[in-house]
Amino acid sequence: MNYLLKKHCLKCVASALLLISFNSCHSDNDTEQARQPYTLSDSLKRILEIDTVKVRNITYAIKFNGVVDFNTDKVSNIFPLVSGIVQNINAMPGDFVKAGQVLGIVKSSEMANYSSSLSSSEAAVRLAKKQLEQQQDLYKSGMASKVDITAAEVNYEQAAAAKTAAQRVLIVNGNNTGGDYFINSPIDGFLVQKNVTNGMAIRPDNSAPMFTVSNLKNVWVEANVYEENVSKVHEGDEADISTISYPDKIFKGKVNRLMNVIDPNTKVMKMRVIIDNPDFMLKPQMFATVTINNTEKDKAISVTSSALIFDHSQYYVVILKGDKNVELRQVEVISTNGKTAFIKNGVNVGERVIASKAILIYGSLNS
């Protein structure tokens, strides 16, 4: 009985030793696999963007809130020049109109009077011309004096001057002899405001324009500059403008004017940025963010901001060590200006960092 028990115990010990040995070998193999360095595949490497660490002047990106507005130098308000009844309006807000295009008609007794005045002055010119010719003939036959000719000449000149004045009045008011006043657009642009309707009576002393036309090929962005940033913006500074409507597009502009007055209520100074708008993408009253890059004399190591990875309250970059080998490196960031990140330490000048899809590689390194 003791012999059988000892034999059974020896078998158990041998089995246990065999299991420990197997687990030890398996653990060693797993450790060896875990220690294999991460390498980039050929297909991934072909699509990656690589940036080289450089030294640059530190640039701070300062952001301001603003609103897109008309360029008032290229806005035309159309006021009535005569009294009358508005008819035949054929343009609506948002329509693109050409210079000279008729937007509506005003039936006006004043225009009829202007036409009548021109006709009367033309008749007076013809009569004065005939009288002058008669006096000249009489003078040749000795039946009129030099004084008579001079008087006839003066009458003719006065009639001609009255005709010229009547023509100019009619031209100012549309130069239509049919008694109607045509509302014409003075410029090419978009109809942005309409304050009249068919059948509406208007007068020249109306405070509101009938129509407002704006050329939106360039627009203004009015932005607020708080006191702490007044010294950091200057006329002529390049500006990047972003909008909610086009989150992936940056519009380029330039600071055209600083108002140099602090509003006593809001404590902000107004800044105007002019932007070319050839495709009419920017609409008046859109909200916009204006970014001004302020460059300092101090220099720092820099990388493309897309190379930064933020995780667990720390910044990291992926360093490309060799042809395919990568290394994860923690860095301390001084600032970013949207495009460039300025680094205090963690990387060296000349090292290569992965500037695209870095977060994917970071995830693979941590898996």
# chains A, B, ... in the order shown; residues from 1 in each chain; ligands from 1
$ closest_atom_pairs --of "stretch 282-324 of chain A" --to "stretch 192-210 of chain A" --cutoff "12 Å" --atoms "only C-alpha atoms" --output "Markdown table"
| residue | atom | partner | partner_atom | distance |
| --- | --- | --- | --- | --- |
| A:Lys283 | CA | A:Val192 | CA | 10.4 |
| A:Pro284 | CA | A:Val192 | CA | 9.3 |
| A:Gln285 | CA | A:Val192 | CA | 11.7 |
$ select_by_dssp --residues "stretch 114-345 of chain A" --states "alpha helix (DSSP H)" --output "number ranges by chain"
A: 114-140, 146-172
$ write_last_selection --atoms "C-alpha atoms" --output "CSV table (one decimal), in the first residue's frame"
chain,number,residue,atom,x,y,z
A,114,TYR,CA,-40.3,117.6,-66.7
A,115,SER,CA,-41.1,116.3,-70.2
A,116,SER,CA,-43.5,119.2,-70.8
A,117,SER,CA,-40.8,121.7,-69.7
A,118,LEU,CA,-38.4,120.2,-72.2
A,119,SER,CA,-41.0,120.4,-75.0
A,120,SER,CA,-41.8,124.1,-74.1
A,121,SER,CA,-38.1,125.0,-74.0
A,122,GLU,CA,-37.4,123.4,-77.4
A,123,ALA,CA,-40.3,125.4,-78.8
A,124,ALA,CA,-39.0,128.6,-77.3
A,125,VAL,CA,-35.6,127.9,-78.9
A,126,ARG,CA,-37.1,127.5,-82.3
A,127,LEU,CA,-39.1,130.7,-81.9
A,128,ALA,CA,-36.1,132.7,-80.7
A,129,LYS,CA,-34.0,131.3,-83.6
A,130,LYS,CA,-36.6,132.5,-86.1
A,131,GLN,CA,-36.8,135.9,-84.5
A,132,LEU,CA,-33.0,136.2,-84.6
A,133,GLU,CA,-32.9,135.3,-88.3
A,134,GLN,CA,-35.7,137.9,-89.0
A,135,GLN,CA,-33.8,140.7,-87.2
A,136,GLN,CA,-30.6,139.8,-89.1
A,137,ASP,CA,-32.6,140.1,-92.5
A,138,LEU,CA,-34.1,143.4,-91.4
A,139,TYR,CA,-30.7,144.7,-90.4
A,140,LYS,CA,-29.3,143.9,-93.8
A,146,LYS,CA,-27.8,146.7,-84.1
A,147,VAL,CA,-29.6,146.9,-80.8
A,148,ASP,CA,-32.5,144.9,-82.2
A,149,ILE,CA,-30.1,142.1,-83.4
A,150,THR,CA,-28.4,142.1,-80.0
A,151,ALA,CA,-31.8,141.7,-78.2
A,152,ALA,CA,-32.7,138.8,-80.5
A,153,GLU,CA,-29.4,137.1,-79.8
A,154,VAL,CA,-29.9,137.4,-76.1
A,155,ASN,CA,-33.4,135.9,-76.3
A,156,TYR,CA,-32.1,133.0,-78.3
A,157,GLU,CA,-29.2,132.3,-75.9
A,158,GLN,CA,-31.7,132.4,-73.0
A,159,ALA,CA,-34.0,130.0,-74.7
A,160,ALA,CA,-31.1,127.6,-75.5
A,161,ALA,CA,-30.0,127.8,-71.8
A,162,ALA,CA,-33.5,127.0,-70.6
A,163,LYS,CA,-33.6,124.0,-73.0
A,164,THR,CA,-30.3,122.7,-71.6
A,165,ALA,CA,-31.5,123.0,-68.0
A,166,ALA,CA,-34.7,121.1,-68.9
A,167,GLN,CA,-32.7,118.4,-70.6
A,168,ARG,CA,-30.4,118.0,-67.6
A,169,VAL,CA,-33.3,117.8,-65.1
A,170,LEU,CA,-34.8,115.1,-67.2
A,171,ILE,CA,-31.5,113.2,-67.5
A,172,VAL,CA,-31.1,113.3,-63.7
$ closest_atom_pairs --of "stretch 279-320 of chain A" --to "stretch 225-228 of chain A" --cutoff "12 Å" --atoms "only C-alpha atoms" --output "CSV"
residue,atom,partner,partner_atom,distance
A:Thr289,CA,A:Val225,CA,11.8
A:Val290,CA,A:Val225,CA,10.2
A:Thr291,CA,A:Val225,CA,11.3
A:Ile292,CA,A:Val225,CA,11.1
$ write_last_selection --atoms "N, CA and C atoms" --output "PDB file, in the first residue's frame"
ATOM      1  N   THR A 289     -14.710  83.664 -37.454  1.00  0.00           N
ATOM      2  CA  THR A 289     -13.588  83.735 -36.518  1.00  0.00           C
ATOM      3  C   THR A 289     -12.368  84.238 -37.277  1.00  0.00           C
ATOM      4  N   VAL A 290     -11.780  85.320 -36.783  1.00  0.00           N
ATOM      5  CA  VAL A 290     -10.604  85.922 -37.420  1.00  0.00           C
ATOM      6  C   VAL A 290      -9.371  85.526 -36.619  1.00  0.00           C
ATOM      7  N   THR A 291      -8.384  84.953 -37.296  1.00  0.00           N
ATOM      8  CA  THR A 291      -7.142  84.529 -36.641  1.00  0.00           C
ATOM      9  C   THR A 291      -5.984  85.369 -37.176  1.00  0.00           C
ATOM     10  N   ILE A 292      -5.290  86.039 -36.262  1.00  0.00           N
ATOM     11  CA  ILE A 292      -4.106  86.835 -36.598  1.00  0.00           C
ATOM     12  C   ILE A 292      -2.889  86.135 -36.004  1.00  0.00           C
TER      13      ILE A 292
END
$ closest_residue --among "A:Asn71, A:Asn184, A:Ser214, A:Ser43" --to "A:Val102" --atoms "only C-alpha atoms"
A:Asn184
$ residues_around --residues "A:Gly84" --least-positions-apart "2" --cutoff "10 Å" --atoms "only C-alpha atoms" --output "list in words"
Pro80, Leu81, Val82, Val86, Gln87, Ile105, Val106, Lys107, Ser108, Ser109, Glu110, Met111, Asp180, Tyr181, Gly199, Met200, Ala201, Ile202, Arg203 and Pro204 of chain A
$ write_last_selection --atoms "all heavy atoms" --output "short mmCIF file (atom, residue, chain, number, x, y, z; two decimals), in the first residue's frame"
data_model
loop_
_atom_site.label_atom_id
_atom_site.label_comp_id
_atom_site.auth_asym_id
_atom_site.auth_seq_id
_atom_site.Cartn_x
_atom_site.Cartn_y
_atom_site.Cartn_z
N PRO A 80 -35.90 107.29 -54.07
CA PRO A 80 -36.74 107.89 -55.12
C PRO A 80 -36.37 109.35 -55.34
O PRO A 80 -36.12 110.10 -54.39
CB PRO A 80 -38.15 107.76 -54.54
CG PRO A 80 -37.96 107.74 -53.06
CD PRO A 80 -36.64 107.05 -52.82
N LEU A 81 -36.33 109.75 -56.60
CA LEU A 81 -36.07 111.15 -56.94
C LEU A 81 -37.34 111.91 -57.26
O LEU A 81 -37.33 113.14 -57.33
CB LEU A 81 -35.11 111.22 -58.13
CG LEU A 81 -33.72 110.62 -57.90
CD1 LEU A 81 -32.87 110.75 -59.16
CD2 LEU A 81 -33.01 111.27 -56.73
N VAL A 82 -38.44 111.20 -57.45
CA VAL A 82 -39.74 111.82 -57.77
C VAL A 82 -40.83 111.16 -56.95
O VAL A 82 -40.65 110.06 -56.41
CB VAL A 82 -40.06 111.69 -59.28
CG1 VAL A 82 -39.03 112.44 -60.12
CG2 VAL A 82 -40.15 110.23 -59.69
N VAL A 86 -45.50 103.18 -57.35
CA VAL A 86 -44.57 102.14 -57.82
C VAL A 86 -45.35 101.04 -58.53
O VAL A 86 -46.40 100.58 -58.04
CB VAL A 86 -43.78 101.55 -56.63
CG1 VAL A 86 -42.85 100.43 -57.12
CG2 VAL A 86 -42.99 102.63 -55.92
N GLN A 87 -44.81 100.61 -59.68
CA GLN A 87 -45.43 99.53 -60.44
C GLN A 87 -44.35 98.65 -61.07
O GLN A 87 -43.19 99.05 -61.18
CB GLN A 87 -46.35 100.10 -61.55
CG GLN A 87 -47.55 100.86 -61.05
CD GLN A 87 -48.44 101.36 -62.17
OE1 GLN A 87 -48.14 101.17 -63.35
NE2 GLN A 87 -49.54 102.01 -61.81
N ILE A 105 -40.96 100.55 -61.96
CA ILE A 105 -41.36 101.80 -62.62
C ILE A 105 -42.18 102.63 -61.64
O ILE A 105 -42.96 102.08 -60.85
CB ILE A 105 -42.19 101.52 -63.89
CG1 ILE A 105 -41.33 100.77 -64.93
CG2 ILE A 105 -42.73 102.80 -64.50
CD1 ILE A 105 -42.11 100.33 -66.15
N VAL A 106 -41.98 103.95 -61.70
CA VAL A 106 -42.79 104.87 -60.90
C VAL A 106 -43.62 105.73 -61.85
O VAL A 106 -43.07 106.44 -62.70
CB VAL A 106 -41.91 105.77 -60.01
CG1 VAL A 106 -42.80 106.75 -59.22
CG2 VAL A 106 -41.05 104.94 -59.08
N LYS A 107 -44.95 105.63 -61.72
CA LYS A 107 -45.84 106.50 -62.47
C LYS A 107 -45.87 107.85 -61.76
O LYS A 107 -46.35 107.97 -60.63
CB LYS A 107 -47.24 105.90 -62.54
CG LYS A 107 -47.34 104.62 -63.35
CD LYS A 107 -47.10 104.88 -64.85
CE LYS A 107 -47.28 103.61 -65.66
NZ LYS A 107 -47.06 103.84 -67.11
N SER A 108 -45.37 108.91 -62.45
CA SER A 108 -45.14 110.17 -61.77
C SER A 108 -45.60 111.36 -62.60
O SER A 108 -45.23 111.49 -63.77
CB SER A 108 -43.64 110.31 -61.45
OG SER A 108 -43.35 111.59 -60.94
N SER A 109 -46.40 112.24 -61.97
CA SER A 109 -46.79 113.49 -62.64
C SER A 109 -45.60 114.43 -62.77
O SER A 109 -45.56 115.25 -63.70
CB SER A 109 -47.92 114.16 -61.84
OG SER A 109 -47.48 114.44 -60.52
N GLU A 110 -44.64 114.32 -61.86
CA GLU A 110 -43.44 115.16 -61.94
C GLU A 110 -42.67 114.87 -63.22
O GLU A 110 -42.15 115.80 -63.87
CB GLU A 110 -42.56 114.94 -60.72
CG GLU A 110 -43.17 115.43 -59.41
CD GLU A 110 -42.30 115.12 -58.22
OE1 GLU A 110 -41.07 114.96 -58.40
OE2 GLU A 110 -42.85 115.01 -57.10
N MET A 111 -42.57 113.58 -63.57
CA MET A 111 -41.87 113.24 -64.81
C MET A 111 -42.61 113.82 -66.02
O MET A 111 -41.98 114.27 -66.98
CB MET A 111 -41.76 111.72 -64.95
CG MET A 111 -40.78 111.09 -63.98
SD MET A 111 -39.08 111.65 -64.22
CE MET A 111 -38.74 111.01 -65.86
N ASP A 180 -42.81 108.30 -67.22
CA ASP A 180 -42.52 107.27 -66.22
C ASP A 180 -41.08 107.43 -65.70
O ASP A 180 -40.19 107.85 -66.44
CB ASP A 180 -42.67 105.86 -66.80
CG ASP A 180 -44.11 105.55 -67.16
OD1 ASP A 180 -45.01 106.15 -66.54
OD2 ASP A 180 -44.32 104.72 -68.07
N TYR A 181 -40.89 107.09 -64.43
CA TYR A 181 -39.55 107.09 -63.83
C TYR A 181 -39.11 105.63 -63.68
O TYR A 181 -39.76 104.85 -62.99
CB TYR A 181 -39.57 107.77 -62.47
CG TYR A 181 -38.23 107.72 -61.76
CD1 TYR A 181 -37.21 108.59 -62.11
CD2 TYR A 181 -38.02 106.81 -60.73
CE1 TYR A 181 -35.98 108.54 -61.46
CE2 TYR A 181 -36.81 106.74 -60.07
CZ TYR A 181 -35.79 107.61 -60.43
OH TYR A 181 -34.58 107.55 -59.79
N GLY A 199 -47.92 99.36 -56.26
CA GLY A 199 -49.02 100.17 -55.78
C GLY A 199 -48.66 101.09 -54.63
O GLY A 199 -49.50 101.86 -54.15
N MET A 200 -47.43 101.06 -54.18
CA MET A 200 -47.00 101.88 -53.04
C MET A 200 -46.70 103.30 -53.51
O MET A 200 -46.06 103.51 -54.54
CB MET A 200 -45.76 101.24 -52.41
CG MET A 200 -45.22 101.97 -51.22
SD MET A 200 -43.80 101.05 -50.54
CE MET A 200 -43.31 102.16 -49.21
N ALA A 201 -47.17 104.28 -52.74
CA ALA A 201 -46.87 105.68 -53.04
C ALA A 201 -45.55 106.07 -52.39
O ALA A 201 -45.30 105.75 -51.22
CB ALA A 201 -48.00 106.57 -52.53
N ILE A 202 -44.70 106.74 -53.14
CA ILE A 202 -43.40 107.15 -52.62
C ILE A 202 -43.19 108.65 -52.85
O ILE A 202 -43.84 109.27 -53.70
CB ILE A 202 -42.25 106.36 -53.29
CG1 ILE A 202 -42.27 106.60 -54.81
CG2 ILE A 202 -42.34 104.89 -52.97
CD1 ILE A 202 -41.03 106.07 -55.50
N ARG A 203 -42.25 109.19 -52.06
CA ARG A 203 -41.88 110.59 -52.19
C ARG A 203 -40.36 110.70 -52.07
O ARG A 203 -39.72 109.83 -51.47
CB ARG A 203 -42.54 111.44 -51.10
CG ARG A 203 -44.06 111.38 -51.11
CD ARG A 203 -44.64 112.35 -50.11
NE ARG A 203 -43.98 112.27 -48.80
CZ ARG A 203 -44.35 113.00 -47.75
NH1 ARG A 203 -45.33 113.87 -47.85
NH2 ARG A 203 -43.72 112.87 -46.60
N PRO A 204 -39.79 111.79 -52.57
CA PRO A 204 -38.32 111.94 -52.49
C PRO A 204 -37.78 112.04 -51.07
O PRO A 204 -36.60 111.78 -50.85
CB PRO A 204 -38.06 113.24 -53.27
CG PRO A 204 -39.23 113.39 -54.17
CD PRO A 204 -40.40 112.82 -53.42
#
$ residues_around --residues "A:Val53" --least-positions-apart "3" --cutoff "6 Å" --atoms "only C-alpha atoms" --output "number ranges by chain"
A: 302-303, 349-351
$ select_by_dssp --residues "stretch 63-178 of chain A" --states "strand (DSSP E or B)" --output "list in words"
Lys63, Phe64, Asn65, Gly66, Val67, Val68, Asp69, Val75, Ser76, Asn77, Ile78, Gly84, Ile85, Val86, Gln87, Phe96, Val97, Val102, Leu103, Gly104, Ile105, Val106 and Lys107 of chain A
$ residues_around --residues "A:Ser242" --least-positions-apart "6" --cutoff "10 Å" --atoms "only C-alpha atoms" --output "mmCIF file with all heavy atoms, in the first residue's frame"
data_model
loop_
_atom_site.group_PDB
_atom_site.id
_atom_site.type_symbol
_atom_site.label_atom_id
_atom_site.label_comp_id
_atom_site.auth_asym_id
_atom_site.auth_seq_id
_atom_site.Cartn_x
_atom_site.Cartn_y
_atom_site.Cartn_z
ATOM 1 N N ASP A 248 -14.213 73.542 -43.101
ATOM 2 C CA ASP A 248 -12.940 73.035 -43.621
ATOM 3 C C ASP A 248 -12.233 74.028 -44.536
ATOM 4 O O ASP A 248 -11.200 73.701 -45.115
ATOM 5 C CB ASP A 248 -13.167 71.724 -44.381
ATOM 6 C CG ASP A 248 -13.729 70.624 -43.486
ATOM 7 O OD1 ASP A 248 -13.371 70.619 -42.297
ATOM 8 O OD2 ASP A 248 -14.530 69.806 -43.970
ATOM 9 N N LYS A 249 -12.776 75.234 -44.666
ATOM 10 C CA LYS A 249 -12.195 76.214 -45.588
ATOM 11 C C LYS A 249 -11.699 77.438 -44.817
ATOM 12 O O LYS A 249 -12.398 77.948 -43.941
ATOM 13 C CB LYS A 249 -13.212 76.635 -46.649
ATOM 14 C CG LYS A 249 -12.632 77.577 -47.699
ATOM 15 C CD LYS A 249 -13.606 77.824 -48.831
ATOM 16 C CE LYS A 249 -13.040 78.789 -49.869
ATOM 17 N NZ LYS A 249 -11.777 78.290 -50.464
ATOM 18 N N ILE A 250 -10.502 77.891 -45.174
ATOM 19 C CA ILE A 250 -9.930 79.098 -44.592
ATOM 20 C C ILE A 250 -9.913 80.187 -45.660
ATOM 21 O O ILE A 250 -9.372 79.996 -46.742
ATOM 22 C CB ILE A 250 -8.503 78.852 -44.069
ATOM 23 C CG1 ILE A 250 -8.505 77.777 -42.969
ATOM 24 C CG2 ILE A 250 -7.892 80.147 -43.542
ATOM 25 C CD1 ILE A 250 -9.286 78.156 -41.735
ATOM 26 N N PHE A 251 -10.510 81.334 -45.352
ATOM 27 C CA PHE A 251 -10.519 82.474 -46.249
ATOM 28 C C PHE A 251 -9.383 83.418 -45.850
ATOM 29 O O PHE A 251 -9.170 83.663 -44.664
ATOM 30 C CB PHE A 251 -11.849 83.214 -46.191
ATOM 31 C CG PHE A 251 -13.028 82.371 -46.601
ATOM 32 C CD1 PHE A 251 -13.718 81.620 -45.669
ATOM 33 C CD2 PHE A 251 -13.446 82.331 -47.922
ATOM 34 C CE1 PHE A 251 -14.810 80.840 -46.036
ATOM 35 C CE2 PHE A 251 -14.531 81.557 -48.300
ATOM 36 C CZ PHE A 251 -15.207 80.812 -47.359
ATOM 37 N N LYS A 252 -8.667 83.917 -46.845
ATOM 38 C CA LYS A 252 -7.538 84.794 -46.589
ATOM 39 C C LYS A 252 -7.968 86.256 -46.718
ATOM 40 O O LYS A 252 -8.651 86.632 -47.669
ATOM 41 C CB LYS A 252 -6.398 84.509 -47.574
ATOM 42 C CG LYS A 252 -5.825 83.096 -47.462
ATOM 43 C CD LYS A 252 -5.094 82.902 -46.146
ATOM 44 C CE LYS A 252 -4.452 81.525 -46.057
ATOM 45 N NZ LYS A 252 -3.727 81.334 -44.784
ATOM 46 N N PHE A 287 -21.522 84.537 -39.002
ATOM 47 C CA PHE A 287 -20.532 84.614 -37.932
ATOM 48 C C PHE A 287 -19.190 84.113 -38.457
ATOM 49 O O PHE A 287 -19.136 83.179 -39.255
ATOM 50 C CB PHE A 287 -20.965 83.784 -36.722
ATOM 51 C CG PHE A 287 -22.103 84.392 -35.954
ATOM 52 C CD1 PHE A 287 -23.369 83.826 -36.000
ATOM 53 C CD2 PHE A 287 -21.912 85.539 -35.205
ATOM 54 C CE1 PHE A 287 -24.428 84.389 -35.303
ATOM 55 C CE2 PHE A 287 -22.969 86.111 -34.508
ATOM 56 C CZ PHE A 287 -24.229 85.541 -34.559
ATOM 57 N N ALA A 288 -18.111 84.734 -37.998
ATOM 58 C CA ALA A 288 -16.777 84.369 -38.481
ATOM 59 C C ALA A 288 -15.773 84.455 -37.332
ATOM 60 O O ALA A 288 -15.967 85.204 -36.358
ATOM 61 C CB ALA A 288 -16.341 85.295 -39.620
ATOM 62 N N THR A 289 -14.710 83.664 -37.454
ATOM 63 C CA THR A 289 -13.588 83.735 -36.518
ATOM 64 C C THR A 289 -12.368 84.238 -37.277
ATOM 65 O O THR A 289 -11.987 83.663 -38.298
ATOM 66 C CB THR A 289 -13.286 82.359 -35.905
ATOM 67 O OG1 THR A 289 -14.436 81.894 -35.197
ATOM 68 C CG2 THR A 289 -12.108 82.446 -34.942
ATOM 69 N N VAL A 290 -11.780 85.320 -36.783
ATOM 70 C CA VAL A 290 -10.604 85.922 -37.420
ATOM 71 C C VAL A 290 -9.371 85.526 -36.619
ATOM 72 O O VAL A 290 -9.315 85.738 -35.400
ATOM 73 C CB VAL A 290 -10.731 87.458 -37.476
ATOM 74 C CG1 VAL A 290 -9.498 88.071 -38.125
ATOM 75 C CG2 VAL A 290 -11.985 87.857 -38.232
ATOM 76 N N THR A 291 -8.384 84.953 -37.296
ATOM 77 C CA THR A 291 -7.142 84.529 -36.641
ATOM 78 C C THR A 291 -5.984 85.369 -37.176
ATOM 79 O O THR A 291 -5.737 85.410 -38.383
ATOM 80 C CB THR A 291 -6.857 83.039 -36.888
ATOM 81 O OG1 THR A 291 -7.965 82.266 -36.424
ATOM 82 C CG2 THR A 291 -5.592 82.600 -36.158
#
$ closest_residue --among "A:Val55, A:Leu191, A:Ile47, A:Val317" --to "A:Phe96" --atoms "only C-alpha atoms"
A:Leu191
$ closest_residue --among "A:Thr39, A:Asn65, A:Ser335, A:Thr59" --to "A:Ala223" --atoms "only C-alpha atoms"
A:Asn65
$ residues_around --residues "stretch 307-315 of chain A" --least-positions-apart "2" --cutoff "7 Å" --atoms "only C-alpha atoms" --output "ChimeraX atom specification"
/A:303-305,317,330-332,353-356,358-359
$ closest_residue --among "A:Val68, A:Ile187, A:Phe182, A:Val268" --to "A:Asn224" --atoms "only C-alpha atoms"
A:Val268
$ residues_around --residues "stretch 257-259 of chain A" --least-positions-apart "3" --cutoff "9 Å" --atoms "only C-alpha atoms" --output "VMD selection string"
chain A and resid 233 to 236 262 269 to 273
$ write_last_selection --atoms "C-alpha atoms" --output "mmCIF file, in the first residue's frame"
data_model
loop_
_atom_site.group_PDB
_atom_site.id
_atom_site.type_symbol
_atom_site.label_atom_id
_atom_site.label_comp_id
_atom_site.auth_asym_id
_atom_site.auth_seq_id
_atom_site.Cartn_x
_atom_site.Cartn_y
_atom_site.Cartn_z
ATOM 1 C CA VAL A 233 -2.869 93.625 -34.158
ATOM 2 C CA HIS A 234 -1.823 96.082 -36.854
ATOM 3 C CA GLU A 235 -3.217 97.423 -40.096
ATOM 4 C CA GLY A 236 -1.947 95.262 -42.955
ATOM 5 C CA ILE A 262 -12.664 101.486 -27.209
ATOM 6 C CA MET A 269 -12.104 97.979 -30.351
ATOM 7 C CA LYS A 270 -13.499 97.244 -33.801
ATOM 8 C CA MET A 271 -11.216 95.744 -36.443
ATOM 9 C CA ARG A 272 -12.101 95.520 -40.141
ATOM 10 C CA VAL A 273 -10.779 92.751 -42.394
#
$ atom_distance --atom1 "atom CA of A:Thr336" --atom2 "atom CA of A:Arg352"
18.6 Å
$ atom_distance --atom1 "atom CA of A:Met286" --atom2 "atom CA of A:Thr212"
18.6 Å
